[in-house]
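Novice: This is final_12.txt (compact mmCIF, C-alpha atoms).
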# COMPACT_ATOMS: atom_id res chain seq x y z
CA MET M 1 -56.19 212.75 78.78
CA THR M 2 -59.95 212.55 78.49
CA PRO M 3 -61.85 209.46 79.64
CA GLU M 4 -62.29 208.39 75.98
CA SER M 5 -58.63 208.91 75.12
CA LEU M 6 -56.38 206.06 74.15
CA SER M 7 -52.68 205.40 74.04
CA TYR M 8 -51.04 205.02 70.64
CA LEU M 9 -47.66 203.95 69.35
CA VAL M 10 -46.75 205.26 65.90
CA ILE M 11 -43.99 203.24 64.24
CA ASP M 12 -42.73 204.91 61.08
CA ASP M 13 -39.24 205.74 59.80
CA ASN M 14 -40.58 208.91 58.15
CA GLN M 15 -40.09 211.34 61.02
CA VAL M 16 -42.24 214.11 59.52
CA PHE M 17 -45.16 211.78 58.83
CA ALA M 18 -44.93 210.21 62.30
CA ALA M 19 -44.85 213.61 64.02
CA THR M 20 -47.79 214.90 61.98
CA LEU M 21 -49.84 211.80 62.72
CA ALA M 22 -48.96 212.00 66.42
CA ARG M 23 -50.03 215.67 66.60
CA SER M 24 -53.38 214.82 64.99
CA LEU M 25 -53.99 212.05 67.51
CA GLU M 26 -52.89 214.23 70.44
CA LYS M 27 -55.37 216.95 69.41
CA SER M 28 -58.11 214.46 70.22
CA GLY M 29 -56.67 214.00 73.71
CA ASN M 30 -54.80 210.76 73.06
CA LYS M 31 -51.40 209.87 74.45
CA VAL M 32 -48.94 209.12 71.62
CA ALA M 33 -45.43 207.67 71.53
CA ILE M 34 -43.33 207.57 68.35
CA SER M 35 -40.68 205.07 67.27
CA HIS M 36 -38.63 205.27 64.07
CA THR M 37 -36.87 201.88 64.22
CA ALA M 38 -37.85 198.31 65.02
CA GLU M 39 -35.67 198.32 68.13
CA GLN M 40 -37.22 201.55 69.46
CA ALA M 41 -40.70 200.20 68.72
CA LEU M 42 -40.20 197.02 70.72
CA LEU M 43 -38.79 198.96 73.69
CA GLU M 44 -41.58 201.56 73.59
CA ASN M 45 -44.22 198.83 73.31
CA GLN M 46 -42.87 197.21 76.49
CA ARG M 47 -42.59 200.56 78.28
CA SER M 48 -45.98 202.05 77.48
CA ASN M 49 -48.24 199.10 76.51
CA PRO M 50 -50.26 201.15 74.00
CA ALA M 51 -53.84 200.21 73.23
CA ARG M 52 -53.35 200.97 69.53
CA ILE M 53 -50.31 200.64 67.29
CA ILE M 54 -49.93 202.26 63.86
CA LEU M 55 -47.20 200.34 62.04
CA ASP M 56 -45.53 201.29 58.75
CA LEU M 57 -45.00 198.25 56.53
CA LYS M 58 -41.67 199.39 55.14
CA LEU M 59 -39.23 200.58 57.79
CA GLU M 60 -35.72 201.72 56.88
CA LYS M 61 -33.90 198.50 57.76
CA SER M 62 -36.73 196.00 58.21
CA SER M 63 -40.25 195.02 57.31
CA GLY M 64 -43.05 196.03 59.64
CA LEU M 65 -44.46 192.52 59.18
CA THR M 66 -41.61 191.15 61.29
CA LEU M 67 -42.69 193.37 64.18
CA ILE M 68 -46.33 192.27 64.42
CA GLU M 69 -45.72 189.03 66.34
CA PRO M 70 -43.24 190.44 68.91
CA LEU M 71 -45.46 193.48 69.48
CA LYS M 72 -48.51 191.24 70.05
CA GLN M 73 -46.50 188.78 72.16
CA HIS M 74 -45.67 191.43 74.74
CA ASN M 75 -48.89 193.41 74.36
CA PRO M 76 -51.61 190.93 73.25
CA ASN M 77 -54.47 193.40 73.75
CA ALA M 78 -52.97 196.00 71.41
CA THR M 79 -54.76 196.61 68.13
CA ILE M 80 -52.41 197.04 65.17
CA VAL M 81 -53.18 198.89 61.94
CA VAL M 82 -50.56 198.56 59.22
CA LEU M 83 -50.02 201.57 56.93
CA THR M 84 -48.12 201.37 53.67
CA GLY M 85 -47.39 203.23 50.49
CA TYR M 86 -46.49 199.89 48.89
CA SER M 87 -49.67 197.86 49.19
CA SER M 88 -50.28 194.41 47.81
CA ILE M 89 -52.83 191.73 48.47
CA SER M 90 -50.16 189.29 49.63
CA THR M 91 -48.75 191.65 52.28
CA ALA M 92 -52.27 192.58 53.40
CA VAL M 93 -53.20 188.94 53.92
CA GLU M 94 -49.86 188.23 55.62
CA ALA M 95 -50.29 191.21 57.99
CA ILE M 96 -53.79 190.04 59.00
CA LYS M 97 -52.58 186.45 59.48
CA LEU M 98 -49.75 187.68 61.73
CA GLY M 99 -52.20 189.56 63.95
CA ALA M 100 -52.74 193.02 62.46
CA HIS M 101 -56.28 194.32 62.79
CA GLN M 102 -56.35 196.27 59.52
CA TYR M 103 -54.17 197.23 56.57
CA LEU M 104 -54.41 200.70 54.98
CA CYS M 105 -52.75 202.32 51.98
CA LYS M 106 -51.05 205.69 52.39
CA PRO M 107 -52.06 208.39 52.22
CA ALA M 108 -54.73 207.72 54.82
CA SER M 109 -56.52 210.43 56.75
CA ILE M 110 -56.70 210.43 60.53
CA ALA M 111 -60.42 209.63 60.22
CA GLU M 112 -59.66 206.58 58.03
CA ILE M 113 -57.07 205.37 60.52
CA ILE M 114 -59.48 205.73 63.46
CA ARG M 115 -62.19 203.92 61.45
CA ALA M 116 -59.72 201.11 60.72
CA PHE M 117 -59.19 200.58 64.45
CA ASN M 118 -62.95 200.43 65.00
CA HIS M 119 -63.67 198.11 62.04
CA GLN M 120 -63.74 194.35 62.56
CA THR M 121 -61.82 192.28 60.01
CA ASN M 122 -62.44 188.69 59.10
CA PRO M 123 -59.52 187.37 56.98
CA GLN M 124 -61.85 184.90 55.24
CA THR M 125 -64.03 187.73 53.94
CA LEU M 126 -61.43 190.17 52.63
CA ASP M 127 -63.15 191.95 49.76
CA LEU M 128 -61.34 191.74 46.46
CA ALA M 129 -62.13 193.95 43.49
CA GLN M 130 -64.85 192.81 41.08
CA ASN M 131 -62.56 193.49 38.13
CA PRO M 132 -59.47 191.34 37.78
CA PRO M 133 -56.19 193.18 38.44
CA SER M 134 -54.05 194.38 35.56
CA VAL M 135 -50.87 192.57 34.54
CA ASN M 136 -48.81 195.41 36.06
CA ARG M 137 -50.67 195.05 39.35
CA LEU M 138 -50.17 191.28 39.35
CA GLN M 139 -46.46 191.78 38.68
CA TRP M 140 -46.24 194.26 41.58
CA GLU M 141 -48.01 191.85 43.94
CA HIS M 142 -45.80 188.93 42.89
CA ILE M 143 -42.67 191.03 43.51
CA GLN M 144 -43.99 192.00 46.96
CA GLU M 145 -44.77 188.38 47.79
CA VAL M 146 -41.28 187.19 46.79
CA LEU M 147 -39.72 190.15 48.64
CA ASN M 148 -41.68 189.17 51.74
CA GLN M 149 -40.51 185.54 51.39
CA HIS M 150 -36.91 186.82 51.39
CA ASN M 151 -37.47 189.09 54.43
CA GLY M 152 -37.02 192.29 52.42
CA ASN M 153 -33.64 191.26 50.98
CA VAL M 154 -33.58 192.90 47.54
CA SER M 155 -30.58 190.92 46.24
CA ALA M 156 -32.08 187.55 47.20
CA THR M 157 -35.44 188.60 45.74
CA ALA M 158 -33.82 189.65 42.46
CA ARG M 159 -32.05 186.28 42.22
CA ALA M 160 -35.32 184.44 42.92
CA LEU M 161 -37.12 186.48 40.25
CA GLY M 162 -34.29 186.09 37.75
CA MET M 163 -33.76 189.82 37.30
CA HIS M 164 -30.96 192.27 37.90
CA ARG M 165 -30.93 193.83 41.38
CA ARG M 166 -31.00 197.40 39.97
CA THR M 167 -34.01 196.58 37.81
CA LEU M 168 -35.82 195.29 40.87
CA GLN M 169 -34.84 198.37 42.87
CA ARG M 170 -36.29 200.62 40.13
CA LYS M 171 -39.54 198.63 40.17
CA LEU M 172 -39.74 198.88 43.96
CA LEU M 173 -39.33 202.66 43.86
CA LYS M 174 -42.40 203.02 41.64
CA LYS M 175 -45.80 203.31 43.24
CA PRO M 176 -48.02 200.28 42.61
CA THR M 177 -50.72 200.54 40.01
CA ARG M 178 -54.24 200.66 41.42
CA SER M 179 -55.95 198.36 38.94
Starting from the file, lay out its structure as structure tokens.
Specialist:
Amino acid sequence: MTPESLSYLVIDDNQVFAATLARSLEKSGNKVAISHTAEQALLENQRSNPARIILDLKLEKSSGLTLIEPLKQHNPNATIVVLTGYSSISTAVEAIKLGAHQYLCKPASIAEIIRAFNHQTNPQTLDLAQNPPSVNRLQWEHIQEVLNQHNGNVSATARALGMHRRTLQRKLLKKPTRS
């Protein structure tokens, strides 16, 4: 490792993405550990005390949001950047409130990820778009907020939203609209 190198923990259930991201970070001389589950992540965090943690929001069996507090509890100096392909304003605000440093939408380049670690965030000054979001975007964000309130439980979320579970699952599989 070079004097400027850092230690990273990549937490993502997509093994190919995690390995690719780790290789990119290692090319810069950084030390990188990878975890694919919440349990592995907590153990690796205790073992290696990484300076920086890249956390996927949607893990196979859990939400990355539930990991932020235990990761920070054991490793309070770690900086956490949350990555997700399923972004919403409510999950971004929740991640920052729980202790994440930044929140990025996938796909994000290695340069964007590094910039996110170096950028200071103030939750009170989160920039929102000048144009109001579309109805589809608002629906997506509301679904994400209710899903977060039910700890990722699709059945409970569907009941709370008054929709069929399969309908909700189809909506969750779609990428969110940008506007």
Novice: Using CA of Asn151 in chain M and CA of Ile96 in chain M as the two end points, give the distance in Å to one decimal.
Specialist: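 Separating CA of Asn151 in chain M from CA of Ile96 in chain M is a distance of 17.0 Å.
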Novice: Determine, counting all atoms listed in the file, which protein, DNA and RNA residues have an atom within 7 Å of an atom of range 101-107 of chain M; residues of the same chain fewer than 4 positions away are not included. Present the result as a PDB file with C-alpha atoms, in the coordinates of the input.
Specialist:
ATOM      1  CA  THR M  79     -54.760 196.610  68.130  1.00  0.00           C
ATOM      2  CA  ILE M  80     -52.410 197.040  65.170  1.00  0.00           C
ATOM      3  CA  VAL M  81     -53.180 198.890  61.940  1.00  0.00           C
ATOM      4  CA  VAL M  82     -50.560 198.560  59.220  1.00  0.00           C
ATOM      5  CA  LEU M  83     -50.020 201.570  56.930  1.00  0.00           C
ATOM      6  CA  THR M  84     -48.120 201.370  53.670  1.00  0.00           C
ATOM      7  CA  GLY M  85     -47.390 203.230  50.490  1.00  0.00           C
ATOM      8  CA  SER M  87     -49.670 197.860  49.190  1.00  0.00           C
ATOM      9  CA  ALA M  92     -52.270 192.580  53.400  1.00  0.00           C
ATOM     10  CA  ILE M  96     -53.790 190.040  59.000  1.00  0.00           C
ATOM     11  CA  ALA M 116     -59.720 201.110  60.720  1.00  0.00           C
ATOM     12  CA  THR M 121     -61.820 192.280  60.010  1.00  0.00           C
TER      13      THR M 121
END
Novice: Kindly assemble as a tab-separated table a list of the range 2-116 of chain M residues that lie within 12 Å of range 143-147 of chain M, each paired with its nearest atom pair and their distance in Å to one decimal, using only C-alpha atoms, sorted first by chain and then by ascending residue number.
Specialist:
residue	atom	partner	partner_atom	distance
M:Leu57	CA	M:Gln144	CA	11.5
M:Lys58	CA	M:Gln144	CA	11.3
M:Ser62	CA	M:Leu147	CA	11.6
M:Ser63	CA	M:Leu147	CA	10.0
M:Leu65	CA	M:Leu147	CA	11.8
M:Tyr86	CA	M:Gln144	CA	8.5
M:Ser87	CA	M:Gln144	CA	8.5
M:Ser88	CA	M:Gln144	CA	6.8
M:Ile89	CA	M:Glu145	CA	8.8
M:Ser90	CA	M:Glu145	CA	5.8
M:Thr91	CA	M:Glu145	CA	6.8
M:Ala92	CA	M:Glu145	CA	10.3
M:Val93	CA	M:Glu145	CA	10.4
M:Glu94	CA	M:Glu145	CA	9.3
M:Ala95	CA	M:Glu145	CA	11.9
Novice: May I have the residues within 10 Å of range 164-169 of chain M as a list of chain:residue names, using only C-alpha atoms and disregarding those fewer than 6 positions away in the same chain?
Specialist: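 Near neighbours after the sequence-gap exclusion: M:Ile143, M:Val154, M:Ser155, M:Ala156, M:Thr157, M:Ala158.
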Novice: Can you write out as a Markdown table which residues of range 48-94 of chain M fall within 9 Å of range 4-24 of chain M, alongside each residue's closest atom pair and its distance in Å to one decimal, counting only C-alpha atoms and ordering rows by chain and ascending residue number?
Specialist:
| residue | atom | partner | partner_atom | distance |
| --- | --- | --- | --- | --- |
| M:Ser48 | CA | M:Ser7 | CA | 8.2 |
| M:Asn49 | CA | M:Ser7 | CA | 8.1 |
| M:Pro50 | CA | M:Ser7 | CA | 4.9 |
| M:Ala51 | CA | M:Ser7 | CA | 5.4 |
| M:Arg52 | CA | M:Tyr8 | CA | 4.8 |
| M:Ile53 | CA | M:Leu9 | CA | 4.7 |
| M:Ile54 | CA | M:Val10 | CA | 4.8 |
| M:Leu55 | CA | M:Ile11 | CA | 4.9 |
| M:Asp56 | CA | M:Asp12 | CA | 5.1 |
| M:Leu57 | CA | M:Asp12 | CA | 8.4 |
| M:Lys58 | CA | M:Asp12 | CA | 8.2 |
| M:Leu59 | CA | M:Asp13 | CA | 5.5 |
| M:Glu60 | CA | M:Asp13 | CA | 6.1 |
| M:Gly64 | CA | M:Ile11 | CA | 8.6 |
Novice: Using only C-alpha atoms for the distances, tell me which of M:Asn75, M:Gln139, M:Asn118, M:Asn148 is nearest to Glu44 in chain M.
Specialist: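 Going through M:Asn75, M:Gln139, M:Asn118, M:Asn148 one by one, the smallest distance to Glu44 in chain M is for M:Asn75.
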Novice: Quick one: pull the distance between CA of Gln73 in chain M and CA of Leu98 in chain M, Å, one decimal.
Specialist: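 Answer for the CA of Gln73 in chain M to CA of Leu98 in chain M separation: 11.0 Å.
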Novice: If I only have part of range 70-93 of chain M, can you fill in N, CA and C atoms and write it as a JSON list (two decimals), in the coordinates of the input?
Specialist:
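The resulting file, result_0.json, is reproduced below:
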[["chain", "number", "residue", "atom", "x", "y", "z"],
["M", 70, "PRO", "N", -43.82, 190.04, 67.63],
["M", 70, "PRO", "CA", -43.24, 190.44, 68.91],
["M", 70, "PRO", "C", -44.03, 191.54, 69.61],
["M", 71, "LEU", "N", -44.64, 192.44, 68.86],
["M", 71, "LEU", "CA", -45.46, 193.48, 69.48],
["M", 71, "LEU", "C", -46.67, 192.85, 70.17],
["M", 72, "LYS", "N", -47.33, 191.91, 69.48],
["M", 72, "LYS", "CA", -48.51, 191.24, 70.05],
["M", 72, "LYS", "C", -48.13, 190.30, 71.19],
["M", 73, "GLN", "N", -46.93, 189.70, 71.11],
["M", 73, "GLN", "CA", -46.50, 188.78, 72.16],
["M", 73, "GLN", "C", -46.39, 189.50, 73.50],
["M", 74, "HIS", "N", -45.82, 190.69, 73.49],
["M", 74, "HIS", "CA", -45.67, 191.43, 74.74],
["M", 74, "HIS", "C", -46.96, 192.17, 75.12],
["M", 75, "ASN", "N", -47.72, 192.57, 74.13],
["M", 75, "ASN", "CA", -48.89, 193.41, 74.36],
["M", 75, "ASN", "C", -50.07, 192.80, 73.59],
["M", 76, "PRO", "N", -50.61, 191.66, 74.04],
["M", 76, "PRO", "CA", -51.61, 190.93, 73.25],
["M", 76, "PRO", "C", -52.92, 191.68, 73.05],
["M", 77, "ASN", "N", -53.22, 192.66, 73.90],
["M", 77, "ASN", "CA", -54.47, 193.40, 73.75],
["M", 77, "ASN", "C", -54.36, 194.58, 72.80],
["M", 78, "ALA", "N", -53.15, 194.87, 72.33],
["M", 78, "ALA", "CA", -52.97, 196.00, 71.41],
["M", 78, "ALA", "C", -53.61, 195.68, 70.06],
["M", 79, "THR", "N", -54.19, 196.71, 69.47],
["M", 79, "THR", "CA", -54.76, 196.61, 68.13],
["M", 79, "THR", "C", -53.78, 197.26, 67.17],
["M", 80, "ILE", "N", -53.41, 196.54, 66.11],
["M", 80, "ILE", "CA", -52.41, 197.04, 65.17],
["M", 80, "ILE", "C", -53.05, 197.32, 63.81],
["M", 81, "VAL", "N", -52.80, 198.53, 63.31],
["M", 81, "VAL", "CA", -53.18, 198.89, 61.94],
["M", 81, "VAL", "C", -51.88, 199.12, 61.18],
["M", 82, "VAL", "N", -51.74, 198.43, 60.06],
["M", 82, "VAL", "CA", -50.56, 198.56, 59.22],
["M", 82, "VAL", "C", -50.85, 199.59, 58.13],
["M", 83, "LEU", "N", -49.93, 200.55, 57.99],
["M", 83, "LEU", "CA", -50.02, 201.57, 56.93],
["M", 83, "LEU", "C", -48.89, 201.33, 55.94],
["M", 84, "THR", "N", -49.18, 201.53, 54.66],
["M", 84, "THR", "CA", -48.12, 201.37, 53.67],
["M", 84, "THR", "C", -48.39, 202.17, 52.41],
["M", 85, "GLY", "N", -47.32, 202.62, 51.81],
["M", 85, "GLY", "CA", -47.39, 203.23, 50.49],
["M", 85, "GLY", "C", -47.13, 202.20, 49.42],
["M", 86, "TYR", "N", -46.84, 200.97, 49.81],
["M", 86, "TYR", "CA", -46.49, 199.89, 48.89],
["M", 86, "TYR", "C", -47.42, 198.70, 49.12],
["M", 87, "SER", "N", -48.70, 198.89, 48.85],
["M", 87, "SER", "CA", -49.67, 197.86, 49.19],
["M", 87, "SER", "C", -49.70, 196.74, 48.16],
["M", 88, "SER", "N", -50.02, 195.57, 48.67],
["M", 88, "SER", "CA", -50.28, 194.41, 47.81],
["M", 88, "SER", "C", -51.20, 193.48, 48.57],
["M", 89, "ILE", "N", -51.91, 192.66, 47.83],
["M", 89, "ILE", "CA", -52.83, 191.73, 48.47],
["M", 89, "ILE", "C", -52.05, 190.74, 49.34],
["M", 90, "SER", "N", -50.91, 190.29, 48.86],
["M", 90, "SER", "CA", -50.16, 189.29, 49.63],
["M", 90, "SER", "C", -49.68, 189.85, 50.97],
["M", 91, "THR", "N", -49.20, 191.09, 51.00],
["M", 91, "THR", "CA", -48.75, 191.65, 52.28],
["M", 91, "THR", "C", -49.94, 191.97, 53.18],
["M", 92, "ALA", "N", -51.07, 192.33, 52.58],
["M", 92, "ALA", "CA", -52.27, 192.58, 53.40],
["M", 92, "ALA", "C", -52.72, 191.31, 54.10],
["M", 93, "VAL", "N", -52.78, 190.22, 53.34],
["M", 93, "VAL", "CA", -53.20, 188.94, 53.92],
["M", 93, "VAL", "C", -52.19, 188.49, 54.97]]
